[in-house]
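Novice: Structure file work_19.cif, mmCIF, C-alpha atoms, is pasted below:
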```
data_structure
#
loop_
_atom_site.label_atom_id
_atom_site.label_comp_id
_atom_site.auth_asym_id
_atom_site.auth_seq_id
_atom_site.Cartn_x
_atom_site.Cartn_y
_atom_site.Cartn_z
CA MET A 152 4.67 14.84 10.60
CA LYS A 153 2.64 17.59 12.12
CA ARG A 154 3.01 17.54 15.88
CA ILE A 155 -0.19 17.47 17.88
CA THR A 156 -0.30 19.29 21.18
CA SER A 157 -3.51 17.62 22.37
CA LEU A 158 -5.30 14.40 21.58
CA PHE A 159 -7.75 14.48 18.71
CA VAL A 160 -11.18 13.53 20.08
CA ALA A 161 -13.76 12.31 17.59
CA ALA A 162 -16.52 10.50 19.42
CA VAL A 163 -18.17 9.08 16.34
CA LEU A 164 -14.96 7.65 14.89
CA PHE A 165 -13.85 6.36 18.26
CA ALA A 166 -17.15 4.60 18.80
CA ALA A 167 -17.08 3.09 15.32
CA VAL A 168 -13.58 1.73 15.78
CA MET A 169 -14.09 0.42 19.30
CA THR A 170 -17.46 -1.18 18.59
CA GLY A 171 -15.90 -3.47 15.99
CA CYS A 172 -13.07 -4.48 18.28
CA GLY A 173 -14.95 -6.19 21.05
CA GLY A 174 -15.71 -9.43 19.24
CA LYS A 175 -12.25 -10.97 19.29
CA GLY A 176 -10.67 -10.72 22.70
CA LYS A 177 -11.58 -8.22 25.37
CA SER A 178 -9.77 -5.04 26.18
CA GLY A 179 -7.69 -5.31 29.32
CA GLY A 180 -8.40 -3.39 32.49
CA GLN A 181 -6.63 -0.15 33.30
CA ALA A 182 -3.98 -1.95 35.34
CA SER A 183 -2.96 -4.03 32.31
CA TYR A 184 -2.57 -1.20 29.80
CA PRO A 185 0.99 -0.50 28.61
CA THR A 186 2.86 2.16 30.59
CA PRO A 187 6.28 3.82 30.25
CA ASP A 188 7.47 1.46 33.00
CA LYS A 189 5.90 -1.59 31.36
CA PRO A 190 5.84 -0.81 27.63
CA ILE A 191 4.51 -3.00 24.87
CA LYS A 192 6.82 -3.72 21.95
CA LEU A 193 5.20 -3.72 18.53
CA LYS A 194 6.88 -5.23 15.47
CA MET A 195 6.01 -3.38 12.27
CA ALA A 196 6.87 -5.18 9.03
CA TYR A 197 6.66 -4.14 5.40
CA ASP A 198 7.95 -4.89 1.93
CA PRO A 199 9.56 -1.64 0.69
CA PRO A 200 13.26 -1.05 1.41
CA PRO A 201 14.82 1.59 3.68
CA LYS A 202 14.65 5.21 2.44
CA GLU A 203 11.57 4.55 0.31
CA VAL A 204 8.53 6.71 1.19
CA THR A 205 6.81 3.86 3.03
CA ASP A 206 9.84 3.42 5.27
CA LEU A 207 10.14 7.16 5.90
CA THR A 208 6.47 7.31 6.85
CA ALA A 209 6.75 4.30 9.16
CA ILE A 210 9.57 6.08 10.98
CA GLU A 211 7.38 9.16 11.41
CA PHE A 212 4.52 7.04 12.73
CA LYS A 213 6.86 5.32 15.19
CA ASN A 214 8.32 8.58 16.47
CA PHE A 215 4.93 10.24 16.88
CA VAL A 216 3.30 7.39 18.82
CA GLU A 217 6.33 6.76 21.02
CA GLU A 218 6.46 10.45 21.92
CA LYS A 219 2.73 10.83 22.60
CA THR A 220 2.57 7.68 24.75
CA ASN A 221 5.77 8.58 26.64
CA GLY A 222 7.31 5.34 25.46
CA ALA A 223 4.47 3.07 26.59
CA LEU A 224 4.21 1.91 22.97
CA GLN A 225 7.56 1.04 21.37
CA PHE A 226 8.13 -0.02 17.79
CA GLU A 227 10.62 -2.24 16.01
CA LEU A 228 10.65 -1.59 12.25
CA TYR A 229 11.36 -4.39 9.77
CA PRO A 230 11.53 -3.11 6.18
CA ALA A 231 12.52 -5.06 3.07
CA ASN A 232 10.76 -8.33 3.92
CA GLN A 233 12.96 -8.99 6.94
CA LEU A 234 10.15 -10.98 8.57
CA GLY A 235 9.20 -12.92 5.47
CA SER A 236 7.32 -12.56 2.21
CA MET A 237 4.25 -10.36 1.90
CA LYS A 238 2.06 -13.42 2.41
CA GLN A 239 4.03 -14.49 5.47
CA MET A 240 3.75 -11.01 6.95
CA LEU A 241 -0.01 -10.94 6.40
CA ASP A 242 -0.32 -14.37 7.99
CA GLY A 243 1.78 -13.03 10.86
CA VAL A 244 -0.52 -10.13 11.66
CA LEU A 245 -3.57 -12.38 11.39
CA SER A 246 -2.08 -14.85 13.86
CA GLY A 247 -0.53 -12.19 16.11
CA THR A 248 3.12 -13.20 15.65
CA ILE A 249 3.63 -9.78 14.02
CA GLU A 250 1.72 -6.92 15.61
CA ILE A 251 1.53 -4.49 12.67
CA VAL A 252 2.07 -4.89 8.94
CA LEU A 253 1.84 -2.60 5.95
CA SER A 254 0.25 -4.97 3.47
CA PRO A 255 -0.27 -4.05 -0.22
CA TRP A 256 -3.80 -3.89 -1.56
CA ASN A 257 -3.18 -6.93 -3.76
CA MET A 258 -2.16 -9.06 -0.78
CA LEU A 259 -5.18 -7.98 1.26
CA THR A 260 -7.41 -9.11 -1.62
CA THR A 261 -6.53 -12.69 -0.69
CA ILE A 262 -8.61 -12.34 2.49
CA ILE A 263 -10.82 -9.35 1.61
CA PRO A 264 -11.94 -9.43 -2.07
CA GLU A 265 -13.35 -5.90 -1.83
CA MET A 266 -9.78 -4.58 -1.74
CA ASN A 267 -9.54 -5.31 -5.48
CA ALA A 268 -11.49 -2.09 -6.01
CA MET A 269 -8.40 -0.06 -5.08
CA ILE A 270 -6.33 -1.56 -7.91
CA LEU A 271 -8.71 -1.62 -10.85
CA PRO A 272 -6.58 -0.39 -13.79
CA PHE A 273 -6.70 3.37 -14.35
CA ASN A 274 -9.73 3.87 -12.09
CA ILE A 275 -7.85 6.06 -9.59
CA ASP A 276 -5.82 7.91 -12.17
CA THR A 277 -3.95 10.61 -10.25
CA ILE A 278 -2.05 10.71 -6.99
CA GLU A 279 -4.24 13.63 -5.87
CA LEU A 280 -7.40 11.56 -6.35
CA TYR A 281 -5.83 8.63 -4.53
CA TRP A 282 -5.26 10.67 -1.39
CA LYS A 283 -8.78 12.06 -1.52
CA VAL A 284 -10.10 8.50 -1.68
CA VAL A 285 -8.10 7.04 1.22
CA GLY A 286 -8.43 10.19 3.31
CA GLY A 287 -12.23 10.24 3.39
CA GLN A 288 -14.03 9.21 6.56
CA GLU A 289 -16.52 7.19 4.54
CA PHE A 290 -13.63 5.13 3.17
CA ARG A 291 -12.10 4.68 6.62
CA ASP A 292 -15.40 3.42 8.01
CA ARG A 293 -15.72 0.91 5.18
CA MET A 294 -12.14 -0.26 5.69
CA ASN A 295 -12.67 -0.74 9.40
CA ALA A 296 -15.83 -2.77 8.81
CA LEU A 297 -14.00 -5.05 6.37
CA THR A 298 -10.76 -5.55 8.29
CA GLN A 299 -12.31 -6.14 11.70
CA LYS A 300 -14.18 -9.15 10.32
CA LYS A 301 -10.74 -10.67 9.77
CA GLY A 302 -9.33 -9.85 13.20
CA ILE A 303 -7.30 -6.80 12.21
CA VAL A 304 -7.85 -3.05 12.62
CA TYR A 305 -7.17 -0.53 9.84
CA LEU A 306 -4.95 2.40 10.87
CA GLY A 307 -4.49 4.18 7.55
CA THR A 308 -2.57 4.02 4.30
CA PRO A 309 0.96 5.40 4.55
CA ASN A 310 1.84 5.46 0.88
CA GLY A 311 0.44 6.04 -2.56
CA ILE A 312 2.70 5.54 -5.55
CA CYS A 313 1.99 5.78 -9.28
CA ARG A 314 2.96 2.45 -10.82
CA GLY A 315 4.68 2.22 -14.16
CA LEU A 316 6.90 -0.20 -16.05
CA ILE A 317 10.64 -0.81 -15.83
CA THR A 318 11.54 -2.44 -19.15
CA THR A 319 14.45 -3.65 -21.25
CA LYS A 320 13.05 -2.00 -24.38
CA PRO A 321 10.81 1.04 -24.99
CA VAL A 322 7.12 0.49 -24.21
CA ARG A 323 4.52 3.09 -25.11
CA THR A 324 1.48 1.16 -26.24
CA PRO A 325 -0.18 -2.09 -25.18
CA GLU A 326 1.07 -3.49 -28.49
CA ASP A 327 4.66 -2.83 -27.38
CA LEU A 328 4.00 -4.93 -24.28
CA ARG A 329 2.47 -7.84 -26.18
CA GLY A 330 4.44 -11.05 -25.73
CA LEU A 331 6.73 -9.67 -23.04
CA LYS A 332 7.02 -11.36 -19.65
CA VAL A 333 6.20 -8.93 -16.82
CA ARG A 334 7.04 -9.47 -13.18
CA VAL A 335 3.94 -8.66 -11.14
CA MET A 336 3.04 -8.85 -7.48
CA ASP A 337 0.99 -11.73 -6.17
CA GLY A 338 -2.74 -11.40 -6.73
CA PRO A 339 -4.84 -12.52 -9.71
CA ILE A 340 -5.93 -9.00 -10.65
CA TYR A 341 -2.39 -8.15 -11.75
CA THR A 342 -2.19 -11.23 -13.95
CA ASP A 343 -5.59 -10.48 -15.45
CA MET A 344 -4.64 -6.85 -16.02
CA PHE A 345 -1.44 -7.57 -17.93
CA ASN A 346 -2.96 -10.49 -19.80
CA ALA A 347 -5.58 -8.06 -21.09
CA TRP A 348 -2.73 -6.04 -22.57
CA GLY A 349 -1.24 -9.11 -24.21
CA ALA A 350 1.65 -9.69 -21.82
CA GLY A 351 2.66 -12.78 -19.92
CA THR A 352 3.25 -12.53 -16.19
CA SER A 353 5.49 -14.05 -13.60
CA VAL A 354 5.29 -13.77 -9.81
CA ILE A 355 8.95 -13.72 -8.82
CA SER A 356 10.14 -12.96 -5.30
CA PHE A 357 11.43 -9.44 -4.83
CA ALA A 358 14.97 -10.63 -4.10
CA GLU A 359 15.16 -12.45 -7.44
CA ILE A 360 13.88 -9.69 -9.74
CA TYR A 361 17.30 -8.26 -10.64
CA ALA A 362 18.73 -11.61 -11.70
CA ALA A 363 15.54 -12.53 -13.55
CA MET A 364 15.69 -9.42 -15.72
CA GLN A 365 19.43 -9.68 -16.18
CA GLN A 366 19.04 -13.27 -17.44
CA GLY A 367 16.07 -12.46 -19.69
CA VAL A 368 13.53 -14.44 -17.66
CA ILE A 369 11.44 -11.25 -17.50
CA GLU A 370 11.55 -8.16 -19.69
CA ALA A 371 9.43 -5.80 -17.64
CA ILE A 372 8.68 -5.06 -14.00
CA ASP A 373 5.52 -3.45 -12.64
CA ASN A 374 6.96 -0.93 -10.19
CA ASN A 375 8.07 2.67 -9.71
CA PRO A 376 11.29 4.72 -10.10
CA ASP A 377 12.32 4.77 -6.44
CA ILE A 378 12.45 0.98 -6.34
CA GLY A 379 14.34 0.99 -9.63
CA VAL A 380 17.02 3.10 -7.98
CA LEU A 381 17.09 1.57 -4.50
CA MET A 382 17.14 -2.02 -5.78
CA LYS A 383 19.43 -1.09 -8.72
CA LEU A 384 16.92 -2.52 -11.18
CA PHE A 385 17.77 0.30 -13.57
CA GLU A 386 21.12 -1.38 -14.14
CA VAL A 387 19.30 -4.06 -16.13
CA GLY A 388 16.15 -2.23 -17.26
CA LYS A 389 17.00 1.08 -18.91
CA TYR A 390 13.46 2.29 -19.68
CA PHE A 391 10.60 3.46 -17.50
CA THR A 392 7.09 4.12 -18.82
CA PHE A 393 4.74 6.33 -16.81
CA THR A 394 1.59 4.30 -17.41
CA ASN A 395 0.18 5.14 -13.95
CA HIS A 396 -2.06 2.09 -14.39
CA ILE A 397 -2.65 1.82 -10.64
CA MET A 398 -1.85 3.74 -7.47
CA HIS A 399 0.00 1.29 -5.28
CA GLY A 400 -0.44 1.49 -1.52
CA CYS A 401 0.24 -0.52 1.62
CA PRO A 402 -2.51 -0.12 4.24
CA MET A 403 -1.36 -0.38 7.84
CA VAL A 404 -3.23 -2.93 9.95
CA ILE A 405 -2.76 -4.07 13.54
CA ASN A 406 -3.74 -7.39 15.07
CA GLN A 407 -7.05 -6.93 16.87
CA ASP A 408 -6.02 -8.76 20.05
CA VAL A 409 -2.99 -6.49 20.31
CA TRP A 410 -5.23 -3.46 19.68
CA ASN A 411 -7.46 -4.51 22.56
CA LYS A 412 -4.49 -4.42 24.94
CA LEU A 413 -4.14 -0.65 24.43
CA SER A 414 -5.95 1.97 26.46
CA PRO A 415 -8.62 4.09 24.72
CA GLU A 416 -6.21 7.05 24.80
CA GLN A 417 -3.42 4.98 23.22
CA GLN A 418 -5.78 3.74 20.53
CA GLN A 419 -6.78 7.32 19.79
CA ILE A 420 -3.14 8.31 19.42
CA MET A 421 -2.68 5.47 16.93
CA ILE A 422 -5.73 6.61 14.95
CA GLN A 423 -4.43 10.18 14.83
CA ALA A 424 -0.97 8.98 13.84
CA GLY A 425 -2.54 7.02 10.99
CA LYS A 426 -4.20 10.15 9.67
CA ASP A 427 -1.07 12.25 10.07
CA MET A 428 1.14 9.72 8.29
CA GLU A 429 -1.09 9.96 5.22
CA GLU A 430 -0.57 13.72 5.15
CA PHE A 431 3.18 13.23 5.63
CA SER A 432 3.37 10.68 2.82
CA TYR A 433 1.41 12.86 0.41
CA LYS A 434 3.72 15.81 1.01
CA THR A 435 6.84 13.65 0.87
CA TYR A 436 6.05 11.53 -2.20
CA ILE A 437 6.46 14.16 -4.93
CA PRO A 438 9.84 15.63 -3.88
CA VAL A 439 11.28 12.24 -2.94
CA GLY A 440 9.96 10.66 -6.14
CA SER A 441 11.39 13.45 -8.28
CA GLY A 442 14.75 12.99 -6.61
CA PHE A 443 14.81 9.31 -7.54
CA GLU A 444 13.90 10.13 -11.13
CA ASP A 445 16.86 12.51 -11.31
CA ILE A 446 19.17 9.81 -9.96
CA ALA A 447 17.79 7.29 -12.46
CA GLU A 448 18.57 9.60 -15.37
CA LYS A 449 21.97 10.80 -14.22
CA ASP A 450 23.41 7.68 -12.59
CA PHE A 451 21.70 4.87 -14.49
CA GLY A 452 21.03 6.45 -17.90
CA VAL A 453 17.32 5.66 -17.75
CA THR A 454 15.01 6.87 -20.50
CA PHE A 455 11.62 7.98 -19.20
CA ILE A 456 8.59 7.56 -21.45
CA ASN A 457 5.32 9.45 -21.09
CA ILE A 458 2.17 8.41 -22.94
CA ASP A 459 -0.28 10.80 -24.58
CA SER A 460 -4.01 10.82 -23.89
CA ALA A 461 -4.95 8.84 -27.01
CA THR A 462 -2.46 6.09 -26.20
CA ARG A 463 -3.59 6.07 -22.60
CA GLN A 464 -7.16 5.50 -23.75
CA ARG A 465 -6.04 2.39 -25.64
CA TRP A 466 -4.58 0.99 -22.42
CA ILE A 467 -7.86 1.78 -20.63
CA ASP A 468 -10.09 0.28 -23.32
CA MET A 469 -8.15 -2.97 -23.42
CA ALA A 470 -8.45 -3.32 -19.64
CA GLN A 471 -12.27 -3.21 -19.57
CA PRO A 472 -12.68 -7.01 -19.24
CA VAL A 473 -10.97 -6.70 -15.86
CA TYR A 474 -13.78 -4.46 -14.63
CA THR A 475 -16.43 -6.91 -15.79
CA LYS A 476 -14.76 -9.83 -14.04
CA TYR A 477 -13.94 -8.06 -10.79
CA ARG A 478 -17.35 -6.54 -10.21
CA GLY A 479 -18.43 -10.09 -9.48
CA ILE A 480 -15.40 -10.85 -7.33
CA ILE A 481 -15.62 -7.61 -5.34
CA GLY A 482 -19.38 -7.85 -4.97
CA SER A 483 -21.85 -5.58 -6.69
CA GLU A 484 -22.83 -3.59 -3.59
CA TYR A 485 -19.27 -2.65 -2.63
CA TYR A 486 -18.19 -2.20 -6.27
CA ASP A 487 -21.04 0.19 -7.05
CA TRP A 488 -20.51 2.13 -3.82
CA PHE A 489 -16.77 2.45 -4.48
CA MET A 490 -17.09 3.57 -8.11
CA ASP A 491 -19.66 6.19 -7.09
CA TYR A 492 -17.49 7.31 -4.17
CA VAL A 493 -14.44 7.77 -6.43
CA ASP A 494 -16.43 9.58 -9.12
CA LYS A 495 -17.71 12.10 -6.57
CA LEU A 496 -14.12 12.93 -5.63
CA ARG A 497 -12.76 13.39 -9.16
#
```
The structure given in the file should be rewritten as structure tokens.
Specialist:
Amino acid sequence: MKRITSLFVAAVLFAAVMTGCGGKGKSGGQASYPTPDKPIKLKMAYDPPPKEVTDLTAIEFKNFVEEKTNGALQFELYPANQLGSMKQMLDGVLSGTIEIVLSPWNMLTTIIPEMNAMILPFNIDTIELYWKVVGGQEFRDRMNALTQKKGIVYLGTPNGICRGLITTKPVRTPEDLRGLKVRVMDGPIYTDMFNAWGAGTSVISFAEIYAAMQQGVIEAIDNNPDIGVLMKLFEVGKYFTFTNHIMHGCPMVINQDVWNKLSPEQQQIMIQAGKDMEEFSYKTYIPVGSGFEDIAEKDFGVTFINIDSATRQRWIDMAQPVYTKYRGIIGSEYYDWFMDYVDKLR
């Protein structure tokens, strides 16, 4: 992560963030702010395992903030669902039992329906476009407005990963997927998406995926190559299809009452760290991802499948009912704004 020699001062952003934070709890006085002598400990929890890009970025965020606050803010990292399921972690940050979580878009949709816009199939179709979307100030302002209504503050999105399919047989077309049982993450949009392609779905806990595929309970997993390697899923699923049907990400949010305990300077450091971690993740994703693909081929014997433009269009066309349904769920105002915002960045 790029090291900053002085604090980034952006009056407009600072005012926007702080204005939304006064409704739930009041910021403490100067005497109560964390100091190096009396630090605050912040638990940060997330789903991906150690050594995955999300974990690497969380470490960078931790190191940056601890350094810039001289240890007044200290972090304890809990990857790989150590503090519970994704739902339990989200409940934890809402209640304040966990200070910070990196919660996937699909999980945030359970409390903020507008988040479904980020995982409409094939809408954000390249990793470059994804980072333009999440990196824009207009997007950050919208995210802050949405999250603060729920008692959390948005700090940034530390990962963006092209999702594909780990399968037990080759899959190139939607027809190849028809009738197969696909493990998906929690959230109705994933079920609707794969049902549109003719597949059945199953929401199985992350710890049970390997056994489920090994035993034939599922025949496909919606995920990415690094997880296939780190979780050894490629031992039981020998094919990976680069559908790139969504760009998966885990926005970082902090409990608002905890946020209000920090000094304005400490909050500003957190905001800057959130921006820097996005840059770090973008630069790290491609080389790290390529390394995992090499391991998958050499050590696991995985066959990678790319789809041509005509086949890709068939996937897109069959997913159109999802757009119709989710415009109503997301809300027409936010949906129309988001689609226009993405189109301008293409």
Novice: Run through the PyMOL selection byres ((chain A and resi 478) around 12) on the given coordinates and return the selected residues as a ChimeraX atom specification.
Specialist: /A:264-268,271,340,471-477,479-490
Novice: Leaving out range 283-287 of chain A and any residue of its chain fewer than 3 positions from it, which residues lie within 9 Å of it when counting all atoms listed in the file, given as a ChimeraX atom specification?
Specialist: /A:275,278-280,290-292,307-308,426,429-430,492-493,496-497
Novice: Please provide the set of residues having any atom within 10 Å of Asn214 in chain A, restricted to all atoms listed in the file, with same-chain residues fewer than 4 positions apart removed, written as a PyMOL selection string.
Specialist: chain A and resi 152+208-210+218-219+222+225-226+424
Novice: Can you tell me how far CA of Val387 in chain A sits from CA of Asp198 in chain A, in Å to one decimal?
Specialist: 21.3 Å
Novice: So how many Å separate CA of Ala470 in chain A and CA of Arg334 in chain A, to one decimal?
Specialist: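 Value for the CA of Ala470 in chain A-CA of Arg334 in chain A distance: 17.9 Å.
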Novice: Fewer than 6 positions away in the same chain doesn't count, so skip those; otherwise give me all residues within 9 Å of Tyr197 in chain A, counting all atoms listed in the file, as a PyMOL selection string.
Specialist: chain A and resi 205-206+228-234+237+240+251-255+401
Novice: I want to know what sits within 10 Å of Leu207 in chain A, based on only C-alpha atoms, with residues of the same chain fewer than 5 positions away left out; could you give that as number ranges by chain?
Specialist: A: 200-202, 212, 309-310, 428, 431-432, 435
Novice: What does the distance from CA of Asp494 in chain A to CA of Glu289 in chain A come to in Å, to one decimal?
Specialist: 13.9 Å
Novice: Please identify all polymer residues within 9 Å of range 311-313 of chain A, counting all atoms listed in the file, omitting same-chain residues fewer than 4 positions from it, and present them as a list in words.
Specialist: Val204, Thr205, Asp276, Thr277, Ile278, Tyr281, Trp282, Asn374, Asn375, Phe393, Thr394, Asn395, His396, Ile397, Met398, His399, Gly400, Cys401, Glu429, Ser432, Tyr433, Tyr436 and Gly440 of chain A
Novice: Spell out the residues picked by the PyMOL selection byres ((chain A and resi 446) around 12) here, as a compact mmCIF listing (two decimals) with C-alpha atoms, in the frame of the given file.
Specialist:
```txt
# COMPACT_ATOMS: atom_id res chain seq x y z
CA PRO A 376 11.29 4.72 -10.10
CA ASP A 377 12.32 4.77 -6.44
CA ILE A 378 12.45 0.98 -6.34
CA GLY A 379 14.34 0.99 -9.63
CA VAL A 380 17.02 3.10 -7.98
CA LEU A 381 17.09 1.57 -4.50
CA LYS A 383 19.43 -1.09 -8.72
CA PHE A 385 17.77 0.30 -13.57
CA VAL A 439 11.28 12.24 -2.94
CA GLY A 440 9.96 10.66 -6.14
CA SER A 441 11.39 13.45 -8.28
CA GLY A 442 14.75 12.99 -6.61
CA PHE A 443 14.81 9.31 -7.54
CA GLU A 444 13.90 10.13 -11.13
CA ASP A 445 16.86 12.51 -11.31
CA ALA A 447 17.79 7.29 -12.46
CA GLU A 448 18.57 9.60 -15.37
CA LYS A 449 21.97 10.80 -14.22
CA ASP A 450 23.41 7.68 -12.59
CA PHE A 451 21.70 4.87 -14.49
CA GLY A 452 21.03 6.45 -17.90
CA VAL A 453 17.32 5.66 -17.75
CA THR A 454 15.01 6.87 -20.50
```
Novice: For the PyMOL selection byres ((chain A and resi 351) around 7), applied here, can you spell out every residue it catches as a VMD selection string?
Specialist: chain A and resid 330 to 333 345 to 346 349 to 350 352
Novice: Would you list the residues near (16.9, 0.0, -19.7), meaning any protein, DNA or RNA residue with an atom at most 10 Å from that point in file coordinates, counting only C-alpha atoms, as a compact mmCIF listing (two decimals) with C-alpha atoms, in the coordinates of the input?
Specialist:
```txt
# COMPACT_ATOMS: atom_id res chain seq x y z
CA ILE A 317 10.64 -0.81 -15.83
CA THR A 318 11.54 -2.44 -19.15
CA THR A 319 14.45 -3.65 -21.25
CA LYS A 320 13.05 -2.00 -24.38
CA PRO A 321 10.81 1.04 -24.99
CA GLU A 370 11.55 -8.16 -19.69
CA ALA A 371 9.43 -5.80 -17.64
CA LEU A 384 16.92 -2.52 -11.18
CA PHE A 385 17.77 0.30 -13.57
CA GLU A 386 21.12 -1.38 -14.14
CA VAL A 387 19.30 -4.06 -16.13
CA GLY A 388 16.15 -2.23 -17.26
CA LYS A 389 17.00 1.08 -18.91
CA TYR A 390 13.46 2.29 -19.68
CA PHE A 391 10.60 3.46 -17.50
CA PHE A 451 21.70 4.87 -14.49
CA GLY A 452 21.03 6.45 -17.90
CA VAL A 453 17.32 5.66 -17.75
CA THR A 454 15.01 6.87 -20.50
CA PHE A 455 11.62 7.98 -19.20
```
Novice: In file coordinates, which residues lie within 6 Å of (-7.3, 0.5, -17.4) using all atoms listed in the file, given as a count of residues only?
Specialist: 5
Novice: List every residue of range 361-421 of chain A that has an atom at most 12 Å from any atom of range 186-189 of chain A, giving for each one its closest atom pair and the distance in Å to one decimal, counting all atoms listed in the file, sorted by chain and then by ascending residue number, as CSV.
Specialist:
```
residue,atom,partner,partner_atom,distance
A:Lys412,CA,A:Thr186,CA,11.4
A:Leu413,CA,A:Thr186,CA,9.7
A:Ser414,CA,A:Thr186,CA,9.7
A:Glu416,CA,A:Thr186,CA,11.8
A:Gln417,CA,A:Thr186,CA,10.1
```
Novice: Keeping C-alpha atoms, write range 281-325 of chain A of the structure just shown out as a tab-separated table (two decimals), in the first residue's frame.
Specialist:
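out19.tsv written:
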```tsv
chain	number	residue	atom	x	y	z
A	281	TYR	CA	-15.47	-2.81	-11.42
A	282	TRP	CA	-12.68	-0.73	-9.91
A	283	LYS	CA	-13.85	2.36	-11.76
A	284	VAL	CA	-17.31	1.85	-10.30
A	285	VAL	CA	-16.30	1.35	-6.66
A	286	GLY	CA	-13.56	3.97	-6.84
A	287	GLY	CA	-15.81	6.86	-7.86
A	288	GLN	CA	-16.71	9.49	-5.30
A	289	GLU	CA	-20.32	9.47	-6.48
A	290	PHE	CA	-20.49	5.77	-5.62
A	291	ARG	CA	-18.85	6.31	-2.23
A	292	ASP	CA	-21.37	9.01	-1.36
A	293	ARG	CA	-24.26	6.74	-2.30
A	294	MET	CA	-22.79	3.89	-0.25
A	295	ASN	CA	-22.36	6.10	2.79
A	296	ALA	CA	-25.94	7.32	2.56
A	297	LEU	CA	-27.25	3.75	2.40
A	298	THR	CA	-25.07	2.18	5.09
A	299	GLN	CA	-25.43	4.94	7.67
A	300	LYS	CA	-29.19	4.40	7.71
A	301	LYS	CA	-28.38	0.94	9.08
A	302	GLY	CA	-25.90	2.07	11.72
A	303	ILE	CA	-22.71	1.23	9.83
A	304	VAL	CA	-20.17	3.33	7.94
A	305	TYR	CA	-18.73	2.33	4.55
A	306	LEU	CA	-14.92	2.39	4.37
A	307	GLY	CA	-14.32	0.96	0.90
A	308	THR	CA	-14.25	-2.29	-1.03
A	309	PRO	CA	-11.01	-4.23	-0.61
A	310	ASN	CA	-11.53	-6.85	-3.28
A	311	GLY	CA	-12.98	-7.43	-6.70
A	312	ILE	CA	-12.87	-10.92	-8.14
A	313	CYS	CA	-14.24	-12.31	-11.41
A	314	ARG	CA	-16.56	-15.18	-10.52
A	315	GLY	CA	-16.68	-18.35	-12.54
A	316	LEU	CA	-17.67	-21.98	-12.07
A	317	ILE	CA	-15.78	-24.88	-10.52
A	318	THR	CA	-17.43	-27.98	-11.98
A	319	THR	CA	-17.18	-31.76	-12.17
A	320	LYS	CA	-17.75	-31.76	-15.93
A	321	PRO	CA	-17.06	-29.23	-18.71
A	322	VAL	CA	-19.48	-26.27	-18.82
A	323	ARG	CA	-19.40	-23.80	-21.68
A	324	THR	CA	-23.01	-22.91	-22.36
A	325	PRO	CA	-26.10	-22.39	-20.20
```
